[in-house]
>>> print(open('query-v8.csv').read())   # CSV, C-alpha atoms and all ligand atoms
chain,number,residue,atom,x,y,z
A,1457,MET,CA,28.0,-10.2,-10.4
A,1458,ALA,CA,27.7,-14.0,-11.0
A,1459,ASP,CA,27.6,-15.1,-7.4
A,1460,LEU,CA,26.3,-12.2,-5.3
A,1461,LEU,CA,26.5,-14.0,-1.9
A,1462,LYS,CA,30.1,-15.2,-1.6
A,1463,ASN,CA,30.4,-15.3,2.1
A,1464,PRO,CA,28.0,-16.5,4.8
A,1465,GLY,CA,27.9,-13.0,6.3
A,1466,ASP,CA,26.7,-11.4,3.1
A,1467,LEU,CA,23.1,-12.5,3.5
A,1468,VAL,CA,23.0,-11.2,7.1
A,1469,LEU,CA,24.4,-7.8,6.0
A,1470,LEU,CA,21.9,-7.4,3.1
A,1471,SER,CA,19.0,-8.7,5.2
A,1472,LYS,CA,19.8,-6.2,8.0
A,1473,TYR,CA,20.1,-3.3,5.6
A,1474,VAL,CA,16.7,-4.0,4.0
A,1475,SER,CA,15.1,-4.6,7.3
A,1476,GLU,CA,16.4,-1.2,8.6
A,1477,ALA,CA,15.4,0.6,5.4
A,1478,CYS,CA,11.8,-0.6,5.2
A,1479,GLY,CA,11.0,-3.2,7.8
A,1480,ILE,CA,10.9,-6.1,5.4
A,1481,HIS,CA,12.2,-9.3,6.9
A,1482,LEU,CA,13.9,-11.6,4.4
A,1483,GLY,CA,15.3,-14.7,6.1
A,1484,GLU,CA,18.2,-16.9,4.9
A,1485,GLU,CA,15.8,-19.0,2.8
A,1486,LYS,CA,15.3,-15.8,0.7
A,1487,GLY,CA,18.9,-15.7,-0.5
A,1488,TYR,CA,17.7,-16.3,-4.1
A,1489,LEU,CA,15.7,-13.1,-3.9
A,1490,PHE,CA,18.7,-11.0,-3.1
A,1491,GLN,CA,20.6,-12.8,-5.9
A,1492,SER,CA,17.9,-12.2,-8.5
A,1493,ARG,CA,16.8,-8.7,-7.6
A,1494,LEU,CA,20.0,-7.0,-6.5
A,1495,GLY,CA,22.6,-8.6,-8.9
A,1496,SER,CA,22.4,-5.9,-11.5
A,1497,ILE,CA,22.3,-3.0,-9.0
A,1498,VAL,CA,25.4,-4.3,-7.2
A,1499,ALA,CA,27.1,-4.6,-10.6
A,1500,GLN,CA,26.2,-1.1,-11.6
A,1501,THR,CA,27.9,0.3,-8.4
A,1502,GLY,CA,31.1,-1.5,-9.2
A,1503,ALA,CA,31.3,-2.8,-5.6
A,1504,ASP,CA,33.6,-5.9,-5.3
A,1505,ASP,CA,31.6,-7.5,-2.6
A,1506,ILE,CA,28.6,-7.1,-0.4
A,1507,PRO,CA,30.3,-5.3,2.5
A,1508,ALA,CA,31.6,-2.7,0.0
A,1509,PHE,CA,28.1,-2.4,-1.5
A,1510,ILE,CA,26.5,-1.8,1.8
A,1511,ARG,CA,29.1,0.7,2.7
A,1512,LEU,CA,28.3,2.6,-0.6
A,1513,ALA,CA,24.6,2.5,0.2
A,1514,LYS,CA,25.1,3.8,3.7
A,1515,ALA,CA,27.5,6.6,2.5
A,1516,ASP,CA,25.1,7.7,-0.3
A,1517,THR,CA,23.6,10.9,1.1
A,1518,THR,CA,21.3,11.4,-1.9
A,1519,GLY,CA,19.4,8.2,-0.8
A,1520,LYS,CA,19.3,7.1,-4.5
A,1521,LEU,CA,21.0,3.8,-3.9
A,1522,ARG,CA,18.9,3.1,-0.9
A,1523,ASP,CA,15.8,3.8,-3.0
A,1524,LYS,CA,16.9,1.4,-5.7
A,1525,ILE,CA,17.5,-1.4,-3.2
A,1526,VAL,CA,14.1,-0.8,-1.5
A,1527,ASP,CA,12.4,-0.7,-4.9
A,1528,ALA,CA,14.0,-4.0,-5.9
A,1529,MET,CA,13.4,-5.8,-2.6
A,1530,THR,CA,9.8,-4.9,-2.1
A,1531,THR,CA,7.0,-6.9,-3.7
A,1532,HIS,CA,4.5,-4.8,-5.6
A,1533,GLU,CA,1.9,-7.4,-6.6
A,1534,THR,CA,-1.5,-5.7,-6.7
A,1535,TYR,CA,-4.7,-5.5,-8.7
A,1536,TRP,CA,-8.1,-3.9,-8.9
A,1537,PHE,CA,-10.6,-4.7,-6.2
A,1538,ARG,CA,-8.2,-7.3,-4.8
A,1539,ASP,CA,-10.3,-9.9,-3.0
A,1540,GLU,CA,-13.6,-9.4,-4.8
A,1541,ARG,CA,-15.8,-10.6,-1.9
A,1542,VAL,CA,-14.3,-8.1,0.5
A,1543,TRP,CA,-14.7,-5.3,-1.9
A,1544,SER,CA,-18.3,-6.2,-2.4
A,1545,ALA,CA,-18.7,-5.7,1.4
A,1546,VAL,CA,-16.8,-2.4,1.1
A,1547,GLU,CA,-19.3,-1.3,-1.5
A,1548,ASN,CA,-22.5,-2.5,0.1
A,1549,SER,CA,-21.7,-2.0,3.8
A,1550,LEU,CA,-18.4,-0.5,4.9
A,1551,LEU,CA,-18.2,2.7,2.8
A,1552,PRO,CA,-21.9,3.7,3.6
A,1553,LEU,CA,-21.2,3.0,7.3
A,1554,VAL,CA,-18.0,5.0,7.3
A,1555,ALA,CA,-19.8,7.9,5.7
A,1556,GLN,CA,-22.7,7.6,8.2
A,1557,ARG,CA,-20.3,7.7,11.1
A,1558,ALA,CA,-18.4,10.7,9.7
A,1559,LYS,CA,-21.7,12.5,9.2
A,1560,ALA,CA,-22.7,11.7,12.8
A,1561,ALA,CA,-19.4,13.2,14.0
A,1562,ASN,CA,-20.1,16.3,11.9
A,1563,ARG,CA,-17.0,15.9,9.8
A,1564,ALA,CA,-16.7,18.0,6.7
A,1565,ARG,CA,-14.6,15.4,5.0
A,1566,VAL,CA,-14.2,11.7,5.1
A,1567,ARG,CA,-10.5,10.7,5.2
A,1568,ILE,CA,-9.2,7.4,3.9
A,1569,PHE,CA,-5.6,6.2,3.9
A,1570,SER,CA,-4.2,3.4,1.6
A,1571,ALA,CA,-1.0,2.7,3.5
A,1572,ALA,CA,1.0,0.6,1.0
A,1573,CYS,CA,-0.7,1.4,-2.3
A,1574,SER,CA,1.9,0.0,-4.7
A,1575,THR,CA,1.0,1.1,-8.3
A,1576,GLY,CA,-2.3,2.7,-7.3
A,1577,GLN,CA,-4.9,0.0,-8.1
A,1578,GLU,CA,-6.1,0.0,-4.4
A,1579,PRO,CA,-6.7,3.7,-3.9
A,1580,TYR,CA,-8.1,4.1,-7.4
A,1581,SER,CA,-10.5,1.2,-6.8
A,1582,LEU,CA,-11.7,3.2,-3.8
A,1583,ALA,CA,-12.0,6.4,-5.7
A,1584,MET,CA,-14.1,4.8,-8.5
A,1585,LEU,CA,-16.3,3.1,-5.9
A,1586,ILE,CA,-16.8,6.4,-4.0
A,1587,ASP,CA,-17.6,8.2,-7.1
A,1588,THR,CA,-20.3,5.7,-8.1
A,1589,LEU,CA,-21.8,5.4,-4.6
A,1590,SER,CA,-21.9,9.1,-4.0
A,1591,LYS,CA,-23.8,9.6,-7.3
A,1592,GLN,CA,-26.3,6.9,-6.1
A,1593,GLY,CA,-26.8,8.9,-2.9
A,1594,LYS,CA,-25.4,6.1,-0.7
A,1595,LEU,CA,-22.8,8.1,1.2
A,1596,SER,CA,-24.8,10.1,3.7
A,1597,GLY,CA,-24.9,13.1,1.4
A,1598,TYR,CA,-21.2,13.4,1.0
A,1599,THR,CA,-20.0,14.1,-2.5
A,1600,ALA,CA,-17.0,12.3,-3.9
A,1601,GLN,CA,-15.0,15.5,-3.6
A,1602,GLN,CA,-15.6,15.4,0.1
A,1603,PHE,CA,-13.6,12.2,0.4
A,1604,GLU,CA,-9.9,12.7,0.8
A,1605,ILE,CA,-7.9,9.6,-0.2
A,1606,VAL,CA,-4.3,9.6,0.8
A,1607,ALA,CA,-2.1,6.8,-0.7
A,1608,SER,CA,1.5,6.0,0.2
A,1609,ASP,CA,4.3,3.6,-0.4
A,1610,VAL,CA,7.9,3.4,0.5
A,1611,SER,CA,8.9,2.6,-3.1
A,1612,ALA,CA,9.5,5.8,-5.1
A,1613,GLY,CA,9.3,3.8,-8.4
A,1614,THR,CA,5.8,2.4,-7.8
A,1615,LEU,CA,4.5,5.8,-6.5
A,1616,MET,CA,5.6,7.5,-9.7
A,1617,LEU,CA,3.7,4.9,-11.7
A,1618,ALA,CA,0.7,5.2,-9.5
A,1619,SER,CA,0.4,8.9,-9.8
A,1620,VAL,CA,0.3,8.7,-13.6
A,1621,GLY,CA,-2.8,6.4,-13.5
A,1622,ARG,CA,-1.8,4.7,-16.8
A,1623,TYR,CA,-2.0,0.9,-17.0
A,1624,ASN,CA,-1.0,-1.7,-19.7
A,1625,GLN,CA,-3.2,-4.4,-21.1
A,1626,ILE,CA,-2.2,-7.0,-18.4
A,1627,GLU,CA,-2.6,-4.6,-15.5
A,1628,ILE,CA,-6.0,-3.2,-16.7
A,1629,VAL,CA,-7.7,-6.6,-16.9
A,1630,ARG,CA,-6.6,-7.9,-13.5
A,1631,GLY,CA,-9.7,-7.6,-11.3
A,1632,LEU,CA,-11.3,-4.7,-13.3
A,1633,ALA,CA,-14.7,-5.5,-14.6
A,1634,GLU,CA,-15.8,-4.0,-17.9
A,1635,LYS,CA,-18.4,-1.8,-16.0
A,1636,TRP,CA,-15.5,0.1,-14.3
A,1637,ARG,CA,-13.2,0.2,-17.3
A,1638,SER,CA,-15.8,1.6,-19.7
A,1639,VAL,CA,-16.8,4.4,-17.3
A,1640,TYR,CA,-13.4,5.4,-15.8
A,1641,PHE,CA,-10.7,4.6,-18.4
A,1642,LYS,CA,-9.9,5.6,-22.0
A,1643,PRO,CA,-7.4,4.1,-24.3
A,1644,ALA,CA,-4.2,6.2,-24.1
A,1645,ASN,CA,-2.7,4.4,-27.1
A,1646,SER,CA,-2.8,0.9,-28.5
A,1647,THR,CA,-1.4,-0.7,-25.4
A,1648,THR,CA,-2.3,1.4,-22.4
A,1649,TRP,CA,-5.3,2.8,-20.7
A,1650,GLN,CA,-5.6,6.1,-18.9
A,1651,LEU,CA,-7.6,6.6,-15.7
A,1652,ASP,CA,-10.2,9.4,-15.8
A,1653,GLU,CA,-8.5,12.7,-14.7
A,1654,ALA,CA,-11.1,13.6,-12.0
A,1655,ILE,CA,-10.6,10.2,-10.3
A,1656,ARG,CA,-6.8,10.4,-10.6
A,1657,LYS,CA,-6.8,13.8,-8.9
A,1658,ARG,CA,-8.9,12.5,-6.0
A,1659,VAL,CA,-6.0,10.5,-4.7
A,1660,THR,CA,-3.0,12.3,-3.1
A,1661,PHE,CA,0.2,10.2,-3.3
A,1662,LYS,CA,2.8,10.7,-0.6
A,1663,ARG,CA,6.0,8.8,-0.1
A,1664,TYR,CA,5.8,7.3,3.3
A,1665,ASN,CA,7.7,4.6,5.1
A,1666,LEU,CA,5.5,2.7,7.6
A,1667,GLN,CA,8.5,2.7,10.0
A,1668,ASP,CA,8.0,6.5,10.4
A,1669,ASP,CA,5.7,8.4,12.7
A,1670,LEU,CA,2.3,8.3,11.0
A,1671,ARG,CA,0.7,11.0,13.1
A,1672,PRO,CA,1.7,13.9,10.8
A,1673,LEU,CA,-0.7,12.4,8.2
A,1674,GLY,CA,-3.7,13.3,10.5
A,1675,MET,CA,-6.7,11.2,11.5
A,1676,PHE,CA,-8.6,8.8,9.2
A,1677,ASP,CA,-12.1,7.3,9.1
A,1678,LEU,CA,-10.8,4.3,7.2
A,1679,LEU,CA,-7.3,2.9,6.8
A,1680,LEU,CA,-6.3,0.1,4.4
A,1681,CYS,CA,-3.1,-1.8,5.3
A,1682,ARG,CA,-3.3,-4.7,2.9
A,1683,ASN,CA,-0.8,-7.3,2.0
A,1684,VAL,CA,2.2,-5.5,3.4
A,1685,ALA,CA,2.4,-6.5,7.1
A,1686,ILE,CA,3.0,-10.1,6.0
A,1687,TYR,CA,6.5,-9.1,5.1
A,1688,PHE,CA,7.3,-7.6,8.5
A,1689,GLU,CA,8.7,-9.2,11.6
A,1690,GLU,CA,6.3,-9.9,14.5
A,1691,ASN,CA,7.6,-7.1,16.7
A,1692,PHE,CA,7.4,-4.5,14.0
A,1693,LYS,CA,3.8,-5.7,13.1
A,1694,ARG,CA,2.7,-5.2,16.7
A,1695,GLU,CA,4.3,-1.8,16.8
A,1696,LEU,CA,2.9,-0.8,13.4
A,1697,PHE,CA,-0.7,-1.7,14.3
A,1698,ARG,CA,-0.3,0.3,17.5
A,1699,ARG,CA,0.8,3.3,15.6
A,1700,ILE,CA,-1.9,2.8,13.0
A,1701,SER,CA,-4.5,2.8,15.8
A,1702,GLU,CA,-3.3,6.3,16.7
A,1703,ILE,CA,-4.4,7.7,13.4
A,1704,ILE,CA,-7.9,6.1,13.1
A,1705,HIS,CA,-10.8,7.9,14.8
A,1706,PRO,CA,-12.4,5.8,17.5
A,1707,GLY,CA,-15.1,3.8,15.8
A,1708,GLY,CA,-13.2,4.1,12.5
A,1709,TYR,CA,-12.1,1.1,10.5
A,1710,LEU,CA,-9.0,-0.8,9.5
A,1711,MET,CA,-9.1,-3.0,6.4
A,1712,LEU,CA,-6.5,-5.8,6.0
A,1713,GLY,CA,-5.8,-8.1,3.1
A,1714,GLY,CA,-8.2,-11.0,2.4
A,1715,THR,CA,-6.0,-13.5,4.2
A,1716,GLU,CA,-4.6,-11.3,7.0
A,1717,SER,CA,-5.7,-11.2,10.6
A,1718,LEU,CA,-5.0,-8.8,13.4
A,1719,LEU,CA,-5.9,-10.6,16.6
A,1720,THR,CA,-2.5,-11.8,17.7
A,1721,HIS,CA,-1.0,-8.3,17.1
A,1722,THR,CA,-3.1,-5.9,19.1
A,1723,ASP,CA,-6.2,-5.5,21.2
A,1724,LEU,CA,-6.8,-1.9,20.1
A,1725,PHE,CA,-9.3,-3.0,17.5
A,1726,GLU,CA,-12.4,-5.3,17.6
A,1727,ARG,CA,-13.5,-7.6,14.8
A,1728,ASP,CA,-16.5,-6.3,13.0
A,1729,LEU,CA,-18.4,-8.3,10.4
A,1730,GLN,CA,-19.8,-6.1,7.7
A,1731,GLY,CA,-21.4,-7.5,4.6
A,1732,GLY,CA,-20.0,-10.9,5.4
A,1733,SER,CA,-16.4,-9.8,5.6
A,1734,ILE,CA,-14.3,-9.0,8.6
A,1735,PHE,CA,-13.0,-5.5,9.2
A,1736,TYR,CA,-11.4,-4.1,12.4
A,1737,LYS,CA,-13.0,-1.3,14.3
A,1738,ARG,CA,-10.9,1.1,16.4
A,1739,LYS,CA,-12.1,0.7,20.0
B,1,LIG,C1,2.2,-6.6,-2.1
B,1,LIG,S1,2.0,-4.8,-2.3
B,1,LIG,C2,0.4,-4.6,-1.7
B,1,LIG,C3,-0.3,-3.5,-2.5
B,1,LIG,C4,-1.8,-3.3,-2.1
B,1,LIG,N1,-1.9,-2.8,-0.7
B,1,LIG,C5,-2.6,-4.5,-2.3
B,1,LIG,O1,-3.0,-5.2,-1.3
B,1,LIG,O2,-2.8,-4.9,-3.5
B,1,LIG,C6,3.0,-4.3,-0.9
B,1,LIG,C7,3.5,-2.8,-1.0
B,1,LIG,O3,4.0,-2.4,0.3
B,1,LIG,C8,5.1,-1.5,0.1
B,1,LIG,N2,5.9,-1.5,1.3
B,1,LIG,C9,6.8,-2.4,1.7
B,1,LIG,N3,7.4,-1.9,2.9
B,1,LIG,C10,6.9,-0.7,3.1
B,1,LIG,C11,7.1,0.2,4.2
B,1,LIG,N4,8.0,0.0,5.1
B,1,LIG,N5,6.4,1.4,4.1
B,1,LIG,C12,5.5,1.6,3.1
B,1,LIG,N6,5.2,0.7,2.1
B,1,LIG,C13,5.9,-0.4,2.1
B,1,LIG,C14,5.8,-2.1,-1.1
B,1,LIG,O4,6.6,-1.2,-1.8
B,1,LIG,C15,4.6,-2.6,-2.0
B,1,LIG,O5,4.3,-1.7,-3.0
>>> encode(input="query-v8.csv", output="structure tokens", more="lines below")
Ligand SMILES: C[S@@+](CC[C@H](N)C(=O)[O-])C[C@H]1O[C@@H](n2cnc3c(N)ncnc32)[C@H](O)[C@@H]1O
Amino acid sequence: MADLLKNPGDLVLLSKYVSEACGIHLGEEKGYLFQSRLGSIVAQTGADDIPAFIRLAKADTTGKLRDKIVDAMTTHETYWFRDERVWSAVENSLLPLVAQRAKAANRARVRIFSAACSTGQEPYSLAMLIDTLSKQGKLSGYTAQQFEIVASDVSAGTLMLASVGRYNQIEIVRGLAEKWRSVYFKPANSTTWQLDEAIRKRVTFKRYNLQDDLRPLGMFDLLLCRNVAIYFEENFKRELFRRISEIIHPGGYLMLGGTESLLTHTDLFERDLQGGSIFYKRK
């Protein structure tokens, strides 16, 4: 479809549909994104215009068209140990502290949730770090197997890629130092690298929409919600962080993206400086 947005109301319709499907707010200035990311999907359905396309999406009880639209309109940018300085604080301060608190609370397992994991680099960075730290005896006696890492995303396509744990040459070098790659990856063929099977299996991937009730996931010692809330509207952000607070143990931690802050959204957490980086402690 050469010109996707023929009428002024088209952008409003698309924007509303995407916001209802996954909470992502794309204003009028983002018309070019709809044009570039949805053009071929609209063409495949044969819909003549955007109102017809939205009607098809709403009528599709399989949810497949909705998934395609969500996959296309979400931004999946991610890389290993994203924000190096913060991850160094995770390694040296946060994870040992989280383990220490879980031990003090007599928990048999330490539970961590990567709430919008994209293609898996975030939860697998955690899994590699936990594996190394537990072998160094820095996690209060917990073994790596006693850490449960749950990772979710609304996008079925990215979750599928994440669960395989295979990365191409461009993906593998982004943020991943040689010391990690040499220990935890093997070449799968001339262009891709496969994550160690034991590390891959330590992450459980679940399709989850952050708009849904999070409580069925259970309680967590640490929750990562990084570089996703930036796409949500203010009201939804406030509501999301309130719901997130319900699934973090009191004294447990929330980790945001390197440039994100929580203070204007909720007073259910307090800022906590660990290893020179800011994390948010559940009150
Ligand atoms: C920019 S990536 C961030 C990935 C990783 N957390 C990081 O910081 O590198 C944002 C991810 O959030 C996911 N996402 C967007 N809306 C979501 C929602 N409502 N529920 C769950 N995940 C969502 C997208 O599919 C995408 O994979």
>>> residues_around(input="query-v8.csv", residues="A:Arg1656", least_positions_apart="4", cutoff="8 Å", atoms="only C-alpha atoms", output="list in words")
Tyr1580, Ser1619, Val1620, Gly1621, Leu1651 and Asp1652 of chain A
>>> residues_near_ligand(input="query-v8.csv", ligand="ligand LIG 1 (chain B)", cutoff="9 Å", atoms="all atoms listed in the file", output="PyMOL selection string")
chain A and resi 1475+1477-1480+1526-1539+1570-1579+1608-1615+1663-1668+1680-1688+1712-1714
>>> residues_near_point(input="query-v8.csv", point="(-15.1, 15.6, -3.2)", cutoff="12 Å", atoms="all atoms listed in the file", output="list in words")
Ala1564, Arg1565, Val1566, Arg1567, Ala1583, Ile1586, Asp1587, Ser1590, Lys1591, Leu1595, Gly1597, Tyr1598, Thr1599, Ala1600, Gln1601, Gln1602, Phe1603, Glu1604, Ile1605, Ala1654, Ile1655, Lys1657, Arg1658 and Val1659 of chain A
>>> write_last_selection(input="query-v8.csv", atoms="C-alpha atoms", output="CSV table (one decimal), keeping the file's coordinate frame")
chain,number,residue,atom,x,y,z
A,1564,ALA,CA,-16.7,18.0,6.7
A,1565,ARG,CA,-14.6,15.4,5.0
A,1566,VAL,CA,-14.2,11.7,5.1
A,1567,ARG,CA,-10.5,10.7,5.2
A,1583,ALA,CA,-12.0,6.4,-5.7
A,1586,ILE,CA,-16.8,6.4,-4.0
A,1587,ASP,CA,-17.6,8.2,-7.1
A,1590,SER,CA,-21.9,9.1,-4.0
A,1591,LYS,CA,-23.8,9.6,-7.3
A,1595,LEU,CA,-22.8,8.1,1.2
A,1597,GLY,CA,-24.9,13.1,1.4
A,1598,TYR,CA,-21.2,13.4,1.0
A,1599,THR,CA,-20.0,14.1,-2.5
A,1600,ALA,CA,-17.0,12.3,-3.9
A,1601,GLN,CA,-15.0,15.5,-3.6
A,1602,GLN,CA,-15.6,15.4,0.1
A,1603,PHE,CA,-13.6,12.2,0.4
A,1604,GLU,CA,-9.9,12.7,0.8
A,1605,ILE,CA,-7.9,9.6,-0.2
A,1654,ALA,CA,-11.1,13.6,-12.0
A,1655,ILE,CA,-10.6,10.2,-10.3
A,1657,LYS,CA,-6.8,13.8,-8.9
A,1658,ARG,CA,-8.9,12.5,-6.0
A,1659,VAL,CA,-6.0,10.5,-4.7
>>> atom_distance(input="query-v8.csv", atom1="atom CA of A:Glu1702", atom2="atom CA of A:Glu1689")
20.3 Å
>>> atom_distance(input="query-v8.csv", atom1="atom CA of A:Phe1509", atom2="atom CA of A:Glu1485")
21.1 Å
>>> atom_distance(input="query-v8.csv", atom1="atom CA of A:Leu1461", atom2="atom CA of A:Asp1523")
20.8 Å
>>> residues_around(input="query-v8.csv", residues="A:Asp1669", least_positions_apart="5", cutoff="10 Å", atoms="only C-alpha atoms", output="short mmCIF file (atom, residue, chain, number, x, y, z; two decimals) with C-alpha atoms, keeping the file's coordinate frame")
data_model
loop_
_atom_site.label_atom_id
_atom_site.label_comp_id
_atom_site.auth_asym_id
_atom_site.auth_seq_id
_atom_site.Cartn_x
_atom_site.Cartn_y
_atom_site.Cartn_z
CA TYR A 1664 5.80 7.30 3.30
CA LEU A 1696 2.90 -0.80 13.40
CA ARG A 1699 0.80 3.30 15.60
CA ILE A 1700 -1.90 2.80 13.00
#
>>> residues_around(input="query-v8.csv", residues="A:Gly1674", least_positions_apart="2", cutoff="12 Å", atoms="all atoms listed in the file", output="short mmCIF file (atom, residue, chain, number, x, y, z; two decimals) with C-alpha atoms, keeping the file's coordinate frame")
data_model
loop_
_atom_site.label_atom_id
_atom_site.label_comp_id
_atom_site.auth_asym_id
_atom_site.auth_seq_id
_atom_site.Cartn_x
_atom_site.Cartn_y
_atom_site.Cartn_z
CA VAL A 1566 -14.20 11.70 5.10
CA ARG A 1567 -10.50 10.70 5.20
CA ILE A 1568 -9.20 7.40 3.90
CA PHE A 1569 -5.60 6.20 3.90
CA GLU A 1604 -9.90 12.70 0.80
CA VAL A 1606 -4.30 9.60 0.80
CA ASP A 1669 5.70 8.40 12.70
CA LEU A 1670 2.30 8.30 11.00
CA ARG A 1671 0.70 11.00 13.10
CA PRO A 1672 1.70 13.90 10.80
CA PHE A 1676 -8.60 8.80 9.20
CA ASP A 1677 -12.10 7.30 9.10
CA LEU A 1678 -10.80 4.30 7.20
CA LEU A 1679 -7.30 2.90 6.80
CA ILE A 1700 -1.90 2.80 13.00
CA SER A 1701 -4.50 2.80 15.80
CA GLU A 1702 -3.30 6.30 16.70
CA ILE A 1703 -4.40 7.70 13.40
CA ILE A 1704 -7.90 6.10 13.10
CA HIS A 1705 -10.80 7.90 14.80
#
>>> closest_residue(input="query-v8.csv", among="A:Ala1513, A:Pro1507, A:Lys1642, A:Val1468", to="A:Phe1490", atoms="all atoms listed in the file")
A:Val1468
>>> residues_near_point(input="query-v8.csv", point="(18.5, -14.8, -1.3)", cutoff="12 Å", atoms="only C-alpha atoms", output="NGL selection string")
:A and (1459-1462 or 1464 or 1466-1471 or 1481-1495 or 1529)
>>> closest_residue(input="query-v8.csv", among="A:His1721, A:Arg1727, A:Arg1522, A:Arg1637", to="A:Glu1690", atoms="only C-alpha atoms")
A:His1721
